[in-house]
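These notes are about the structure you will find just below.
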Amino acid sequence: MQILKDDHYTVLKLLYFKDMSYLQAGKAMNKSEKQIKHLAFRAKAALKRILEKDGFNY
């Protein structure tokens, strides 16, 4: 995951490892809830592309 951009890494870490809500993650990152939702969507897509490139099949 550390290959991801800093914001992508941070948002995924907060949402899935720190178990924060979109609102809580937004406050921690100084962004709105909507921005966090969009950022999380893009971060998951980027992570998927990286994993698939390395041969991971879902």
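Ligands are numbered from 1 in the order shown, chains are lettered A, B, ... in the order of the structure tokens, and residues start at 1 in each chain.
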**Asked** So which residues touch Ala43 (chain A) within 12 Å, counting only C-alpha atoms, skipping near sequence neighbours fewer than 2 positions away, as a list in words?
**Response**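 Listed by chain and then number, they are Met1, Gln2, Ile3, Leu4, Lys5, Asp6, Asp7, His8, Tyr9, Thr10, Val11, Leu12, Lys13, Leu15, Gln35, Ile36, Lys37, His38, Leu39, Ala40, Phe41, Ala45, Ala46, Leu47, Lys48, Arg49 and Ile50 of chain A.
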**Request:** Can you check which residues of chain A DSSP gives as alpha helix (DSSP H) on the backbone and send them as a ChimeraX atom specification?
**Result:** /A:6-12,22-29,33-53
**Prompt:** What does the distance from CA of Tyr22 (chain A) to CA of Asp54 (chain A) come to in Å, to one decimal?
**Reply:**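 Interatomic distance here is 29.1 Å.
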**Fill in**
CA of Gly26 (chain A) to CA of Glu52 (chain A) measures 28.4 Å
**Prompt:** From the list A:Leu51, A:Tyr16, A:Asn57, A:Ser21, which residue is nearest Glu33 (chain A) when using only C-alpha atoms?
**Reply:** A:Ser21
**Message:** Report, in Å to a single decimal, how far apart CA of Leu14 (chain A) and CA of Gly55 (chain A) are.
**Reply:**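 These atoms are spaced 26.2 Å apart.
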